[in-house]
Amino acid sequence: MKNRIKNIALTYGVNLLFVSLLLAFAGGLAMLELDGIFSVVFFFAVIFTLLPVVNYLHTIIDSFISPIRYNDLYVQAVDSILNIESFDEVLRATFDQILNLISVGTGMLIFYYHDREEFNIFYQKNRRRKIIRNARISKDNILFRVINGPEDVIVRSKLNPAIHFEGSITAELDRLGGEVVVPIYYHEIFLGLIITGGRRRRFSPGEIRLLKIFASKIAILSINRFFFGEIVRKKELEKEYELAARVQKKFLPPAGAVIGRFEIRVFHETASLMIREFYDVFENDAVEDDVRISAYRIKGNLAGTSILMPGVQSVLQSFARLGLSPPGVLARMKRIIRARRLDAQDLIIMHGSLHRDGEFIFSSYGYPDPLVYRRGEGLQPHRREGRGSARSLRMRPGDIMILCCDSFYRTIIGNLPGFGELIERDSGAPLSRLRSSMVRSLSEDRPAATNDRLLVMVRMGEGA
């Protein structure tokens, strides 16, 4: 407030001095009785001569004593920043406001775009277009080479053109029309430059400090905008994944069922919102004595899984209800995959038919074969017999068949006796409890597993 009063007092003093001089000249002319055209020409000459002097004195006063406190301008700038709707609006409102306050003719913002590794003139005062397209600045520009931190402010008036290095900086400032260069830094991250110029008097320390404050706020807003944009994109992607996951889960059957003599329990865990390991268990009403079990996963691109996986399920169920055997279902499925050019998706699949007498006829397209636990014999992998595409195994009452994903399969194969003893120990327990024990043991052996995980356990009861 004290500076503002001083500024107003000195400004009015200069104005009163100018008016006093005019009155003195008028009084002198009146005493000499000089009037008419001579007095008009005289006053015009006096005013034309004194006005530039008065304006110069006003400029000198403003350069030493600002008419506004920089703290007030900072508050105004922060207030405008809090009420902005876009990052560009900061540049239009706040940058122009500061340039007008310090009375400069030119102002330029040069930003470094880290994703493209190039410098662009983002904004330039008095240009028709606010964003100048393709206004690239060479990365070898000398201004970028001499700036190594936020305190490296370049002031043209302090440079000596006679020194070759400083002369190169002066020439570049002349080319850009700049007198002061203020770097924009966020901690150690270089973001760009503020270049101002186009006035006759030197910049005061307060004006340079104001430009540095503005540069720091622009840096914070720029970084925040980047991270906010990344968060928005991540949230949008998560929403898409969540929707896809909900669609997929609608197609998944219950994790437990009792069908005839068979009790079925499923453990299914996804590593992300996009389900890549799928399963299906249903009683085929179109064929007598037929329970279909499917397990499949997609190894390749995530794109389209929300449509592809339920689509595979629908195709498998349709072919099964047409009465096709498991080999026939997969043969049709392979033709569809080739016709749709889905080979790049790496669809790994197993489809089987379970009958009342315990026979499980299945066909596999890269999926791990079943394992069977039998009392007295332990846990054993299925041994393929013959060369046909159809394979079969026969379960006895009390047997437990295990279908699982590749990571679980490798873990079980690596310790068949251990998992056999685990099942033997809890063989009389409910299958749901045995499933939990198996999953817990498998997770301990593979704690860092990141893939979707699937374990299907089928126990054949003693009843008729």
# chains A, B, ... in the order shown; residues from 1 in each chain; ligands from 1

$ residues_around --residues "stretch 321-326 of chain A" --least-positions-apart "2" --cutoff "6 Å" --atoms "only C-alpha atoms" --output "PyMOL selection string"
chain A and resi 286+318-319+328-329+351-352+362-363

$ residues_around --residues "A:Asp406" --least-positions-apart "5" --cutoff "10 Å" --atoms "only C-alpha atoms" --output "PyMOL selection string"
chain A and resi 297+366-369+411-412+451-454

$ residues_around --residues "stretch 158-167 of chain A" --least-positions-apart "4" --cutoff "10 Å" --atoms "only C-alpha atoms" --output "list in words"
Ile142, Val146, Ile154, Ala171, Glu172, Leu173 and Glu179 of chain A

$ closest_residue --among "A:Pro183, A:Pro205, A:Gly177, A:Gly149" --to "A:Phe111" --atoms "only C-alpha atoms"
A:Pro183

$ residues_around --residues "A:Arg396" --least-positions-apart "5" --cutoff "8 Å" --atoms "only C-alpha atoms" --output "list in words"
Gly358, Arg374 and Met460 of chain A

$ write_last_selection --atoms "N, CA and C atoms" --output "PDB file, in the first residue's frame"
ATOM      1  N   GLY A 358     -19.280 -92.898 -15.547  1.00  0.00           N
ATOM      2  CA  GLY A 358     -17.964 -92.402 -15.171  1.00  0.00           C
ATOM      3  C   GLY A 358     -17.016 -92.186 -16.326  1.00  0.00           C
ATOM      4  N   ARG A 374      -7.128 -91.652  -7.407  1.00  0.00           N
ATOM      5  CA  ARG A 374      -7.819 -92.904  -7.099  1.00  0.00           C
ATOM      6  C   ARG A 374      -7.216 -93.482  -5.824  1.00  0.00           C
ATOM      7  N   MET A 460     -16.795 -88.499  -8.302  1.00  0.00           N
ATOM      8  CA  MET A 460     -17.875 -89.440  -8.614  1.00  0.00           C
ATOM      9  C   MET A 460     -18.348 -90.104  -7.328  1.00  0.00           C
TER      10      MET A 460
END

$ residues_around --residues "A:Gly428" --least-positions-apart "3" --cutoff "12 Å" --atoms "only C-alpha atoms" --output "list in words"
Arg375, Gly398, Asp399, Ile400, Leu422, Ile423, Glu424, Arg425, Leu431, Ser432, Arg433, Leu434, Arg459 and Gly461 of chain A

$ residues_around --residues "A:Asn284" --least-positions-apart "5" --cutoff "9 Å" --atoms "only C-alpha atoms" --output "ChimeraX atom specification"
/A:289-292,317,320-321,323

$ write_last_selection --atoms "N, CA and C atoms" --output "compact mmCIF listing (two decimals), in the first residue's frame"
# COMPACT_ATOMS: atom_id res chain seq x y z
N ASP A 289 -27.91 -88.55 -20.84
CA ASP A 289 -26.71 -88.92 -20.08
C ASP A 289 -25.48 -88.18 -20.61
N ASP A 290 -25.50 -86.83 -20.52
CA ASP A 290 -24.40 -86.04 -21.08
C ASP A 290 -24.22 -84.76 -20.27
N VAL A 291 -23.08 -84.68 -19.56
CA VAL A 291 -22.70 -83.45 -18.86
C VAL A 291 -21.44 -82.91 -19.55
N ARG A 292 -21.54 -81.72 -20.05
CA ARG A 292 -20.42 -81.14 -20.80
C ARG A 292 -19.58 -80.24 -19.89
N GLN A 317 -21.77 -74.67 -26.69
CA GLN A 317 -23.06 -75.18 -26.22
C GLN A 317 -23.98 -75.50 -27.39
N ALA A 320 -22.84 -78.72 -28.97
CA ALA A 320 -23.11 -79.84 -28.07
C ALA A 320 -24.59 -80.21 -28.11
N ARG A 321 -25.45 -79.22 -28.14
CA ARG A 321 -26.89 -79.49 -28.16
C ARG A 321 -27.37 -79.98 -29.51
N GLY A 323 -25.85 -82.41 -30.73
CA GLY A 323 -25.51 -83.83 -30.61
C GLY A 323 -24.10 -84.17 -31.05
